[in-house]
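Visitor: My structure is stored as protein_29.txt, with compact mmCIF, N, CA and C atoms.
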```txt
# COMPACT_ATOMS: atom_id res chain seq x y z
N MET U 1 -18.75 -105.37 56.40
CA MET U 1 -18.24 -105.40 57.74
C MET U 1 -18.96 -104.33 58.55
N SER U 2 -19.10 -104.58 59.81
CA SER U 2 -19.78 -103.61 60.65
C SER U 2 -18.96 -102.34 60.78
N GLN U 3 -19.64 -101.24 60.94
CA GLN U 3 -18.99 -99.94 61.07
C GLN U 3 -18.17 -99.90 62.36
N PRO U 4 -16.95 -99.40 62.31
CA PRO U 4 -16.15 -99.32 63.52
C PRO U 4 -16.85 -98.49 64.59
N GLN U 5 -16.56 -98.83 65.83
CA GLN U 5 -17.17 -98.16 66.97
C GLN U 5 -16.90 -96.66 66.95
N ARG U 6 -15.67 -96.29 66.71
CA ARG U 6 -15.34 -94.87 66.65
C ARG U 6 -14.37 -94.65 65.51
N GLN U 7 -14.77 -93.86 64.58
CA GLN U 7 -13.83 -93.48 63.54
C GLN U 7 -13.88 -91.97 63.42
N LYS U 8 -12.79 -91.35 63.72
CA LYS U 8 -12.74 -89.91 63.68
C LYS U 8 -12.75 -89.45 62.24
N SER U 9 -12.93 -88.20 62.04
CA SER U 9 -12.97 -87.66 60.69
C SER U 9 -11.57 -87.62 60.09
N HIS U 10 -10.75 -88.52 60.54
CA HIS U 10 -9.37 -88.63 60.09
C HIS U 10 -9.36 -89.25 58.68
N GLN U 11 -8.62 -88.64 57.79
CA GLN U 11 -8.48 -89.17 56.44
C GLN U 11 -7.53 -90.37 56.48
N LEU U 12 -7.97 -91.47 55.92
CA LEU U 12 -7.11 -92.65 55.87
C LEU U 12 -6.03 -92.45 54.81
N PRO U 13 -4.87 -93.03 55.03
CA PRO U 13 -3.82 -92.93 54.01
C PRO U 13 -4.22 -93.69 52.75
N ASP U 14 -3.58 -93.35 51.67
CA ASP U 14 -3.77 -94.06 50.41
C ASP U 14 -3.54 -95.56 50.67
N LEU U 15 -4.39 -96.42 50.09
CA LEU U 15 -4.33 -97.85 50.40
C LEU U 15 -2.96 -98.48 50.15
N PRO U 16 -2.32 -98.27 49.00
CA PRO U 16 -0.99 -98.88 48.82
C PRO U 16 0.02 -98.44 49.88
N ALA U 17 -0.01 -97.17 50.27
CA ALA U 17 0.90 -96.69 51.31
C ALA U 17 0.55 -97.32 52.66
N PHE U 18 -0.72 -97.48 52.93
CA PHE U 18 -1.20 -98.11 54.16
C PHE U 18 -0.71 -99.55 54.25
N ILE U 19 -0.87 -100.28 53.16
CA ILE U 19 -0.44 -101.69 53.11
C ILE U 19 1.07 -101.78 53.28
N THR U 20 1.80 -100.95 52.56
CA THR U 20 3.26 -100.95 52.65
C THR U 20 3.72 -100.67 54.07
N LYS U 21 3.10 -99.70 54.73
CA LYS U 21 3.47 -99.36 56.11
C LYS U 21 3.25 -100.54 57.04
N ILE U 22 2.12 -101.20 56.93
CA ILE U 22 1.83 -102.33 57.81
C ILE U 22 2.81 -103.47 57.55
N ILE U 23 3.04 -103.79 56.28
CA ILE U 23 3.98 -104.86 55.95
C ILE U 23 5.36 -104.55 56.52
N HIS U 24 5.78 -103.30 56.40
CA HIS U 24 7.09 -102.90 56.92
C HIS U 24 7.11 -102.89 58.44
N ASP U 25 6.13 -102.23 59.06
CA ASP U 25 6.09 -102.11 60.53
C ASP U 25 6.07 -103.47 61.21
N LEU U 26 5.29 -104.39 60.64
CA LEU U 26 5.12 -105.70 61.27
C LEU U 26 6.10 -106.75 60.73
N ASN U 27 6.94 -106.32 59.78
CA ASN U 27 7.94 -107.21 59.19
C ASN U 27 7.29 -108.52 58.71
N LEU U 28 6.25 -108.36 57.89
CA LEU U 28 5.47 -109.51 57.46
C LEU U 28 6.21 -110.36 56.43
N PRO U 29 6.25 -111.65 56.65
CA PRO U 29 6.83 -112.55 55.64
C PRO U 29 5.93 -112.62 54.40
N VAL U 30 6.52 -112.93 53.27
CA VAL U 30 5.77 -113.04 52.02
C VAL U 30 4.65 -114.08 52.16
N LEU U 31 4.91 -115.16 52.85
CA LEU U 31 3.89 -116.19 53.05
C LEU U 31 2.62 -115.60 53.65
N ASN U 32 2.76 -114.78 54.67
CA ASN U 32 1.60 -114.17 55.31
C ASN U 32 0.83 -113.28 54.34
N VAL U 33 1.57 -112.53 53.53
CA VAL U 33 0.92 -111.63 52.58
C VAL U 33 0.16 -112.43 51.53
N VAL U 34 0.74 -113.51 51.03
CA VAL U 34 0.05 -114.34 50.04
C VAL U 34 -1.20 -114.97 50.65
N VAL U 35 -1.10 -115.50 51.85
CA VAL U 35 -2.27 -116.09 52.52
C VAL U 35 -3.33 -115.01 52.73
N CYS U 36 -2.91 -113.83 53.13
CA CYS U 36 -3.84 -112.70 53.28
C CYS U 36 -4.58 -112.43 51.97
N LEU U 37 -3.86 -112.39 50.87
CA LEU U 37 -4.48 -112.12 49.57
C LEU U 37 -5.45 -113.23 49.16
N ILE U 38 -5.12 -114.45 49.48
CA ILE U 38 -6.04 -115.56 49.20
C ILE U 38 -7.33 -115.37 50.00
N TYR U 39 -7.21 -114.99 51.26
CA TYR U 39 -8.39 -114.75 52.08
C TYR U 39 -9.21 -113.58 51.55
N VAL U 40 -8.55 -112.53 51.10
CA VAL U 40 -9.27 -111.39 50.52
C VAL U 40 -10.03 -111.84 49.26
N HIS U 41 -9.38 -112.69 48.47
CA HIS U 41 -10.05 -113.23 47.28
C HIS U 41 -11.28 -114.05 47.67
N ARG U 42 -11.17 -114.82 48.74
CA ARG U 42 -12.32 -115.59 49.23
C ARG U 42 -13.45 -114.67 49.67
N LEU U 43 -13.09 -113.61 50.36
CA LEU U 43 -14.10 -112.64 50.78
C LEU U 43 -14.80 -112.06 49.56
N LYS U 44 -14.01 -111.65 48.60
CA LYS U 44 -14.58 -111.05 47.38
C LYS U 44 -15.53 -112.01 46.69
N SER U 45 -15.20 -113.29 46.67
CA SER U 45 -16.06 -114.28 46.00
C SER U 45 -17.37 -114.50 46.76
N GLN U 46 -17.43 -114.12 48.04
CA GLN U 46 -18.65 -114.27 48.84
C GLN U 46 -19.62 -113.10 48.65
N LEU U 47 -19.13 -112.00 48.11
CA LEU U 47 -19.95 -110.79 47.98
C LEU U 47 -20.76 -110.81 46.69
N PRO U 48 -21.93 -110.19 46.71
CA PRO U 48 -22.71 -110.07 45.46
C PRO U 48 -21.90 -109.30 44.41
N LYS U 49 -22.20 -109.55 43.15
CA LYS U 49 -21.42 -109.00 42.05
C LYS U 49 -21.30 -107.47 42.10
N ASN U 50 -22.37 -106.78 42.39
CA ASN U 50 -22.35 -105.31 42.38
C ASN U 50 -22.27 -104.71 43.78
N TYR U 51 -21.64 -105.42 44.70
CA TYR U 51 -21.55 -104.98 46.08
C TYR U 51 -20.74 -103.69 46.16
N GLU U 52 -21.29 -102.69 46.85
CA GLU U 52 -20.60 -101.42 47.02
C GLU U 52 -20.12 -101.31 48.46
N THR U 53 -18.90 -100.84 48.62
CA THR U 53 -18.31 -100.73 49.95
C THR U 53 -18.34 -99.28 50.42
N GLU U 54 -18.10 -99.13 51.71
CA GLU U 54 -18.02 -97.81 52.31
C GLU U 54 -16.56 -97.36 52.34
N TYR U 55 -16.37 -96.08 52.63
CA TYR U 55 -15.03 -95.53 52.77
C TYR U 55 -14.27 -96.32 53.84
N GLY U 56 -13.06 -96.72 53.52
CA GLY U 56 -12.21 -97.41 54.48
C GLY U 56 -12.37 -98.91 54.53
N THR U 57 -13.30 -99.46 53.75
CA THR U 57 -13.53 -100.90 53.79
C THR U 57 -12.28 -101.67 53.40
N ALA U 58 -11.60 -101.25 52.36
CA ALA U 58 -10.40 -101.97 51.91
C ALA U 58 -9.32 -101.96 53.00
N HIS U 59 -9.21 -100.86 53.71
CA HIS U 59 -8.24 -100.78 54.82
C HIS U 59 -8.61 -101.78 55.91
N ARG U 60 -9.89 -101.83 56.26
CA ARG U 60 -10.35 -102.74 57.30
C ARG U 60 -10.19 -104.21 56.87
N VAL U 61 -10.47 -104.49 55.62
CA VAL U 61 -10.32 -105.86 55.11
C VAL U 61 -8.85 -106.27 55.16
N PHE U 62 -7.96 -105.38 54.77
CA PHE U 62 -6.53 -105.73 54.80
C PHE U 62 -6.07 -106.01 56.23
N ILE U 63 -6.43 -105.14 57.16
CA ILE U 63 -6.06 -105.35 58.56
C ILE U 63 -6.55 -106.71 59.03
N SER U 64 -7.81 -106.99 58.78
CA SER U 64 -8.43 -108.24 59.24
C SER U 64 -7.78 -109.45 58.61
N SER U 65 -7.55 -109.39 57.32
CA SER U 65 -7.00 -110.56 56.63
C SER U 65 -5.56 -110.82 57.05
N ILE U 66 -4.80 -109.78 57.34
CA ILE U 66 -3.43 -109.98 57.83
C ILE U 66 -3.45 -110.64 59.20
N LEU U 67 -4.34 -110.18 60.08
CA LEU U 67 -4.43 -110.79 61.40
C LEU U 67 -4.81 -112.26 61.31
N VAL U 68 -5.79 -112.56 60.48
CA VAL U 68 -6.25 -113.95 60.32
C VAL U 68 -5.15 -114.80 59.69
N ALA U 69 -4.49 -114.28 58.66
CA ALA U 69 -3.41 -115.02 58.01
C ALA U 69 -2.28 -115.30 58.99
N SER U 70 -1.94 -114.32 59.79
CA SER U 70 -0.87 -114.51 60.78
C SER U 70 -1.24 -115.59 61.79
N LYS U 71 -2.49 -115.60 62.21
CA LYS U 71 -2.92 -116.63 63.18
C LYS U 71 -2.93 -118.01 62.55
N TYR U 72 -3.17 -118.08 61.26
CA TYR U 72 -3.18 -119.37 60.56
C TYR U 72 -1.76 -119.88 60.31
N VAL U 73 -0.85 -118.97 60.01
CA VAL U 73 0.50 -119.34 59.56
C VAL U 73 1.53 -119.37 60.67
N ASP U 74 1.49 -118.41 61.56
CA ASP U 74 2.57 -118.22 62.53
C ASP U 74 2.34 -118.91 63.86
N ASP U 75 3.42 -119.38 64.46
CA ASP U 75 3.36 -119.93 65.82
C ASP U 75 3.06 -118.82 66.83
N VAL U 76 3.64 -117.65 66.58
CA VAL U 76 3.39 -116.48 67.42
C VAL U 76 2.80 -115.40 66.49
N PRO U 77 1.47 -115.35 66.42
CA PRO U 77 0.83 -114.45 65.45
C PRO U 77 0.86 -112.98 65.88
N ILE U 78 0.55 -112.14 64.94
CA ILE U 78 0.41 -110.71 65.20
C ILE U 78 -0.83 -110.51 66.07
N THR U 79 -0.70 -109.69 67.05
CA THR U 79 -1.83 -109.40 67.94
C THR U 79 -2.57 -108.16 67.44
N ALA U 80 -3.80 -108.03 67.90
CA ALA U 80 -4.58 -106.84 67.58
C ALA U 80 -3.87 -105.59 68.10
N ARG U 81 -3.21 -105.72 69.24
CA ARG U 81 -2.47 -104.58 69.83
C ARG U 81 -1.33 -104.15 68.91
N LYS U 82 -0.56 -105.12 68.39
CA LYS U 82 0.53 -104.78 67.48
C LYS U 82 -0.01 -104.12 66.21
N MET U 83 -1.15 -104.63 65.73
CA MET U 83 -1.76 -104.04 64.54
C MET U 83 -2.18 -102.60 64.84
N LEU U 84 -2.76 -102.39 65.98
CA LEU U 84 -3.19 -101.05 66.37
C LEU U 84 -2.00 -100.10 66.46
N ASP U 85 -0.89 -100.59 66.99
CA ASP U 85 0.31 -99.77 67.06
C ASP U 85 0.78 -99.36 65.67
N SER U 86 0.61 -100.24 64.69
CA SER U 86 1.02 -99.95 63.33
C SER U 86 0.07 -98.97 62.64
N VAL U 87 -1.23 -99.20 62.77
CA VAL U 87 -2.19 -98.36 62.04
C VAL U 87 -2.45 -97.04 62.75
N GLY U 88 -2.24 -97.00 64.03
CA GLY U 88 -2.45 -95.75 64.78
C GLY U 88 -3.74 -95.78 65.57
N LYS U 89 -3.66 -95.31 66.78
CA LYS U 89 -4.81 -95.33 67.70
C LYS U 89 -5.82 -94.23 67.41
N ASP U 90 -5.47 -93.30 66.52
CA ASP U 90 -6.39 -92.20 66.23
C ASP U 90 -7.47 -92.58 65.22
N ILE U 91 -7.36 -93.75 64.62
CA ILE U 91 -8.34 -94.17 63.62
C ILE U 91 -9.31 -95.20 64.19
N TRP U 92 -8.77 -96.26 64.78
CA TRP U 92 -9.60 -97.33 65.33
C TRP U 92 -9.15 -97.66 66.74
N SER U 93 -10.04 -98.28 67.49
CA SER U 93 -9.70 -98.76 68.83
C SER U 93 -9.35 -100.25 68.74
N ILE U 94 -8.85 -100.80 69.83
CA ILE U 94 -8.56 -102.23 69.88
C ILE U 94 -9.84 -103.03 69.67
N LYS U 95 -10.94 -102.56 70.25
CA LYS U 95 -12.23 -103.24 70.06
C LYS U 95 -12.64 -103.23 68.59
N ASP U 96 -12.39 -102.12 67.90
CA ASP U 96 -12.70 -102.04 66.47
C ASP U 96 -11.92 -103.09 65.68
N ILE U 97 -10.63 -103.20 65.98
CA ILE U 97 -9.76 -104.16 65.28
C ILE U 97 -10.27 -105.59 65.51
N ILE U 98 -10.59 -105.92 66.73
CA ILE U 98 -11.10 -107.26 67.05
C ILE U 98 -12.43 -107.51 66.35
N ARG U 99 -13.29 -106.51 66.35
CA ARG U 99 -14.59 -106.62 65.68
C ARG U 99 -14.42 -106.82 64.17
N MET U 100 -13.47 -106.12 63.58
CA MET U 100 -13.21 -106.26 62.15
C MET U 100 -12.74 -107.68 61.83
N GLU U 101 -11.86 -108.21 62.67
CA GLU U 101 -11.34 -109.55 62.46
C GLU U 101 -12.47 -110.59 62.54
N ARG U 102 -13.33 -110.46 63.53
CA ARG U 102 -14.45 -111.39 63.67
C ARG U 102 -15.40 -111.30 62.47
N ALA U 103 -15.68 -110.09 62.03
CA ALA U 103 -16.56 -109.91 60.87
C ALA U 103 -15.93 -110.54 59.62
N PHE U 104 -14.63 -110.36 59.46
CA PHE U 104 -13.94 -110.94 58.32
C PHE U 104 -14.06 -112.46 58.33
N LEU U 105 -13.81 -113.06 59.49
CA LEU U 105 -13.92 -114.51 59.62
C LEU U 105 -15.33 -114.99 59.28
N SER U 106 -16.30 -114.24 59.70
CA SER U 106 -17.69 -114.58 59.40
C SER U 106 -17.95 -114.51 57.89
N PHE U 107 -17.46 -113.45 57.24
CA PHE U 107 -17.65 -113.29 55.80
C PHE U 107 -17.03 -114.43 55.00
N ILE U 108 -15.85 -114.89 55.44
CA ILE U 108 -15.22 -115.99 54.69
C ILE U 108 -15.64 -117.35 55.24
N GLN U 109 -16.62 -117.32 56.13
CA GLN U 109 -17.21 -118.52 56.71
C GLN U 109 -16.16 -119.42 57.36
N TRP U 110 -15.20 -118.79 58.00
CA TRP U 110 -14.13 -119.49 58.73
C TRP U 110 -13.38 -120.49 57.86
N ASP U 111 -13.37 -120.26 56.55
CA ASP U 111 -12.68 -121.14 55.61
C ASP U 111 -11.22 -120.70 55.54
N LEU U 112 -10.39 -121.27 56.41
CA LEU U 112 -9.00 -120.84 56.52
C LEU U 112 -8.00 -121.77 55.83
N SER U 113 -8.37 -123.00 55.61
CA SER U 113 -7.39 -123.94 55.05
C SER U 113 -7.08 -123.60 53.59
N ILE U 114 -5.82 -123.81 53.27
CA ILE U 114 -5.35 -123.58 51.90
C ILE U 114 -4.49 -124.77 51.52
N ASP U 115 -4.93 -125.53 50.53
CA ASP U 115 -4.10 -126.66 50.13
C ASP U 115 -2.97 -126.18 49.23
N ARG U 116 -1.97 -127.02 49.10
CA ARG U 116 -0.75 -126.65 48.37
C ARG U 116 -1.03 -126.24 46.92
N SER U 117 -1.90 -126.96 46.25
CA SER U 117 -2.18 -126.64 44.84
C SER U 117 -2.86 -125.28 44.71
N ALA U 118 -3.77 -124.95 45.62
CA ALA U 118 -4.43 -123.65 45.58
C ALA U 118 -3.43 -122.52 45.86
N PHE U 119 -2.53 -122.76 46.82
CA PHE U 119 -1.50 -121.78 47.13
C PHE U 119 -0.59 -121.55 45.92
N ASP U 120 -0.10 -122.64 45.34
CA ASP U 120 0.78 -122.53 44.17
C ASP U 120 0.08 -121.85 43.00
N SER U 121 -1.17 -122.19 42.80
CA SER U 121 -1.95 -121.58 41.72
C SER U 121 -2.08 -120.07 41.92
N TYR U 122 -2.37 -119.67 43.14
CA TYR U 122 -2.51 -118.24 43.43
C TYR U 122 -1.17 -117.52 43.28
N LEU U 123 -0.10 -118.15 43.72
CA LEU U 123 1.23 -117.57 43.59
C LEU U 123 1.60 -117.41 42.11
N ASN U 124 1.28 -118.40 41.29
CA ASN U 124 1.53 -118.29 39.85
C ASN U 124 0.72 -117.18 39.23
N GLU U 125 -0.51 -117.01 39.69
CA GLU U 125 -1.36 -115.93 39.17
C GLU U 125 -0.74 -114.57 39.50
N LEU U 126 -0.20 -114.44 40.70
CA LEU U 126 0.48 -113.19 41.06
C LEU U 126 1.68 -112.93 40.15
N ARG U 127 2.43 -113.98 39.91
CA ARG U 127 3.62 -113.85 39.03
C ARG U 127 3.21 -113.49 37.61
N GLU U 128 2.16 -114.13 37.09
CA GLU U 128 1.69 -113.84 35.74
C GLU U 128 1.24 -112.39 35.59
N ASN U 129 0.70 -111.83 36.67
CA ASN U 129 0.26 -110.44 36.66
C ASN U 129 1.39 -109.50 37.08
N GLN U 130 2.59 -110.05 37.17
CA GLN U 130 3.82 -109.31 37.50
C GLN U 130 3.70 -108.56 38.81
N ILE U 131 3.07 -109.21 39.78
CA ILE U 131 2.98 -108.65 41.13
C ILE U 131 4.14 -109.22 41.94
N VAL U 132 5.01 -108.34 42.37
CA VAL U 132 6.19 -108.73 43.11
C VAL U 132 5.95 -108.46 44.59
N LEU U 133 6.16 -109.48 45.42
CA LEU U 133 5.98 -109.31 46.86
C LEU U 133 7.32 -109.24 47.56
```
Please re-express this file's structure in structure tokens.

Guide:
Amino acid sequence: MSQPQRQKSHQLPDLPAFITKIIHDLNLPVLNVVVCLIYVHRLKSQLPKNYETEYGTAHRVFISSILVASKYVDDVPITARKMLDSVGKDIWSIKDIIRMERAFLSFIQWDLSIDRSAFDSYLNELRENQIVL
């Protein structure tokens, strides 16, 4: 993903705490989180095997995938502004959030559809790995 326009020398929160905060702040339904994870898996499958990321990439990917999942699933999706309110304006700008979302869509080649069997399969995989949402 392209480097954000402005990122201060602010330390990002631990990823699990960051994810938990966003899920809580935005009151995300489990469906959105599962769709988000499927999209992240698609992104991962597009990357070369030994691809190395930069600091904060996982945070940016999560933000982007939640926004995309919400737009795919919800009648009234989460806006970039609401996401910015949750993550804080001291880390990224609204333009950064929008740029991250566009880059994410490009990486997954705009492949947003999820058929029922793929969804059920992914949900079962989460259960088998004892991941509780």

Visitor: Counting only C-alpha atoms, which residue out of U:Val30, U:Ala58, U:Leu47, U:Leu67 sits closest to U:Gln109?

Guide: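 Among U:Val30, U:Ala58, U:Leu47, U:Leu67, it is U:Leu47 that comes nearest to U:Gln109.
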
Visitor: Can you work out the spacing between atom N of U:Gly88 and atom C of U:Lys21 in Å, to one decimal?

Guide: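 Computed distance, atom N of U:Gly88 to atom C of U:Lys21, equals 9.6 Å.
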
Visitor: By how many Å are atom CA of U:Leu123 and atom C of U:Val34 apart?

Guide: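 Separation of atom CA of U:Leu123 and atom C of U:Val34: 7.9 Å.
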
Visitor: Contacts of U:Phe104 at 12 Å or less, counting only C-alpha atoms, minus same-chain residues fewer than 6 places along, as JSON, numbers by chain?

Guide: {"U": [1, 2, 36, 39, 40, 41, 42, 43, 44, 46, 47, 57, 58, 60, 61, 62, 63, 64, 65, 66, 67, 68, 69, 97, 98, 110, 111, 112]}

Visitor: One number please: atom CA of U:Ala103 to atom CA of U:Lys82, in Å, one decimal.

Guide: 19.0 Å

Visitor: Find, counting only C-alpha atoms, the residue in U:Ile94, U:Glu101, U:Val35, U:Glu125 that gets nearest to U:Ser113.

Guide: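 Counting only C-alpha atoms, the residue closest to U:Ser113 is U:Val35.
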
Visitor: Using only C-alpha atoms, which of the listed residues (U:Ser86, U:Asn124, U:Ser93, U:Thr53) sits closest to U:Phe18?

Guide: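 Of U:Ser86, U:Asn124, U:Ser93, U:Thr53, the one nearest U:Phe18 is U:Ser86, counting only C-alpha atoms.
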
Visitor: Running DSSP on the backbone, which parts of chain U land in alpha helix (DSSP H), as a PyMOL selection string?

Guide: chain U and resi 15-25+30-46+57-73+80-87+94-107+116-128

Visitor: With only C-alpha atoms as the atoms that count, which of U:Ser121, U:Asp74, U:Asp25, U:Asp14 lies nearest to U:Val87?

Guide: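 Ranking U:Ser121, U:Asp74, U:Asp25, U:Asp14 by distance to U:Val87, first place goes to U:Asp25.
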
Visitor: Rank nothing, just name the residue among U:Ser106, U:Thr79, U:Ser117, U:Ser70 nearest to U:Leu31, using all atoms listed in the file.

Guide: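 Looking at the shortest contact to U:Leu31, the residue is U:Ser70.
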
Visitor: From the set U:Ala118, U:Val73, U:Ala17, U:Ile108, which residue has the shortest atom-to-atom contact distance to U:Asn32, counting only N, CA and C atoms?

Guide: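 Among the listed residues, U:Val73 lies closest to U:Asn32.
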
Visitor: Could stretch 23-32 of chain U be written out with all heavy atoms, as a PDB file, in the first residue's frame, please?

Guide:
```pdb
ATOM      1  N   ILE U  23     -13.601  -2.173  16.369  1.00  0.00           N
ATOM      2  CA  ILE U  23     -14.807  -2.998  16.404  1.00  0.00           C
ATOM      3  C   ILE U  23     -15.794  -2.445  17.428  1.00  0.00           C
ATOM      4  O   ILE U  23     -16.988  -2.341  17.169  1.00  0.00           O
ATOM      5  CB  ILE U  23     -14.464  -4.474  16.691  1.00  0.00           C
ATOM      6  CG1 ILE U  23     -13.766  -5.093  15.472  1.00  0.00           C
ATOM      7  CG2 ILE U  23     -15.712  -5.274  17.065  1.00  0.00           C
ATOM      8  CD1 ILE U  23     -13.198  -6.481  15.708  1.00  0.00           C
ATOM      9  N   HIS U  24     -15.283  -2.061  18.582  1.00  0.00           N
ATOM     10  CA  HIS U  24     -16.145  -1.518  19.637  1.00  0.00           C
ATOM     11  C   HIS U  24     -16.679  -0.136  19.268  1.00  0.00           C
ATOM     12  O   HIS U  24     -17.882   0.122  19.355  1.00  0.00           O
ATOM     13  CB  HIS U  24     -15.371  -1.449  20.958  1.00  0.00           C
ATOM     14  CG  HIS U  24     -16.179  -0.902  22.086  1.00  0.00           C
ATOM     15  ND1 HIS U  24     -16.154   0.425  22.430  1.00  0.00           N
ATOM     16  CD2 HIS U  24     -17.052  -1.502  22.928  1.00  0.00           C
ATOM     17  CE1 HIS U  24     -16.977   0.627  23.446  1.00  0.00           C
ATOM     18  NE2 HIS U  24     -17.530  -0.518  23.765  1.00  0.00           N
ATOM     19  N   ASP U  25     -15.783   0.773  18.862  1.00  0.00           N
ATOM     20  CA  ASP U  25     -16.191   2.149  18.538  1.00  0.00           C
ATOM     21  C   ASP U  25     -17.253   2.193  17.441  1.00  0.00           C
ATOM     22  O   ASP U  25     -18.180   2.992  17.489  1.00  0.00           O
ATOM     23  CB  ASP U  25     -15.003   2.986  18.064  1.00  0.00           C
ATOM     24  CG  ASP U  25     -14.050   3.379  19.178  1.00  0.00           C
ATOM     25  OD1 ASP U  25     -14.344   3.099  20.350  1.00  0.00           O
ATOM     26  OD2 ASP U  25     -12.993   3.970  18.851  1.00  0.00           O
ATOM     27  N   LEU U  26     -17.064   1.349  16.428  1.00  0.00           N
ATOM     28  CA  LEU U  26     -17.973   1.374  15.278  1.00  0.00           C
ATOM     29  C   LEU U  26     -19.119   0.370  15.407  1.00  0.00           C
ATOM     30  O   LEU U  26     -19.941   0.255  14.504  1.00  0.00           O
ATOM     31  CB  LEU U  26     -17.181   1.119  13.991  1.00  0.00           C
ATOM     32  CG  LEU U  26     -16.082   2.149  13.697  1.00  0.00           C
ATOM     33  CD1 LEU U  26     -15.293   1.751  12.465  1.00  0.00           C
ATOM     34  CD2 LEU U  26     -16.665   3.542  13.550  1.00  0.00           C
ATOM     35  N   ASN U  27     -19.131  -0.371  16.526  1.00  0.00           N
ATOM     36  CA  ASN U  27     -20.184  -1.345  16.781  1.00  0.00           C
ATOM     37  C   ASN U  27     -20.359  -2.289  15.579  1.00  0.00           C
ATOM     38  O   ASN U  27     -21.463  -2.446  15.050  1.00  0.00           O
ATOM     39  CB  ASN U  27     -21.493  -0.629  17.123  1.00  0.00           C
ATOM     40  CG  ASN U  27     -22.498  -1.539  17.768  1.00  0.00           C
ATOM     41  OD1 ASN U  27     -22.145  -2.509  18.423  1.00  0.00           O
ATOM     42  ND2 ASN U  27     -23.768  -1.240  17.574  1.00  0.00           N
ATOM     43  N   LEU U  28     -19.242  -2.882  15.167  1.00  0.00           N
ATOM     44  CA  LEU U  28     -19.248  -3.705  13.961  1.00  0.00           C
ATOM     45  C   LEU U  28     -19.935  -5.050  14.178  1.00  0.00           C
ATOM     46  O   LEU U  28     -19.619  -5.760  15.135  1.00  0.00           O
ATOM     47  CB  LEU U  28     -17.813  -3.962  13.495  1.00  0.00           C
ATOM     48  CG  LEU U  28     -17.046  -2.749  13.020  1.00  0.00           C
ATOM     49  CD1 LEU U  28     -15.599  -3.122  12.710  1.00  0.00           C
ATOM     50  CD2 LEU U  28     -17.704  -2.139  11.796  1.00  0.00           C
ATOM     51  N   PRO U  29     -20.839  -5.402  13.293  1.00  0.00           N
ATOM     52  CA  PRO U  29     -21.459  -6.736  13.361  1.00  0.00           C
ATOM     53  C   PRO U  29     -20.431  -7.821  12.996  1.00  0.00           C
ATOM     54  O   PRO U  29     -19.477  -7.565  12.253  1.00  0.00           O
ATOM     55  CB  PRO U  29     -22.564  -6.679  12.309  1.00  0.00           C
ATOM     56  CG  PRO U  29     -22.728  -5.242  11.947  1.00  0.00           C
ATOM     57  CD  PRO U  29     -21.434  -4.572  12.254  1.00  0.00           C
ATOM     58  N   VAL U  30     -20.653  -9.007  13.495  1.00  0.00           N
ATOM     59  CA  VAL U  30     -19.759 -10.131  13.211  1.00  0.00           C
ATOM     60  C   VAL U  30     -19.649 -10.361  11.703  1.00  0.00           C
ATOM     61  O   VAL U  30     -18.560 -10.642  11.190  1.00  0.00           O
ATOM     62  CB  VAL U  30     -20.246 -11.415  13.929  1.00  0.00           C
ATOM     63  CG1 VAL U  30     -19.438 -12.626  13.490  1.00  0.00           C
ATOM     64  CG2 VAL U  30     -20.153 -11.238  15.437  1.00  0.00           C
ATOM     65  N   LEU U  31     -20.742 -10.218  10.987  1.00  0.00           N
ATOM     66  CA  LEU U  31     -20.720 -10.405   9.538  1.00  0.00           C
ATOM     67  C   LEU U  31     -19.663  -9.513   8.883  1.00  0.00           C
ATOM     68  O   LEU U  31     -18.892  -9.963   8.038  1.00  0.00           O
ATOM     69  CB  LEU U  31     -22.104 -10.114   8.941  1.00  0.00           C
ATOM     70  CG  LEU U  31     -22.200 -10.144   7.412  1.00  0.00           C
ATOM     71  CD1 LEU U  31     -21.849 -11.528   6.869  1.00  0.00           C
ATOM     72  CD2 LEU U  31     -23.587  -9.718   6.963  1.00  0.00           C
ATOM     73  N   ASN U  32     -19.611  -8.258   9.269  1.00  0.00           N
ATOM     74  CA  ASN U  32     -18.634  -7.336   8.694  1.00  0.00           C
ATOM     75  C   ASN U  32     -17.204  -7.779   9.001  1.00  0.00           C
ATOM     76  O   ASN U  32     -16.328  -7.682   8.146  1.00  0.00           O
ATOM     77  CB  ASN U  32     -18.850  -5.921   9.229  1.00  0.00           C
ATOM     78  CG  ASN U  32     -20.128  -5.307   8.736  1.00  0.00           C
ATOM     79  OD1 ASN U  32     -21.169  -5.953   8.727  1.00  0.00           O
ATOM     80  ND2 ASN U  32     -20.078  -4.054   8.349  1.00  0.00           N
TER      81      ASN U  32
END
```
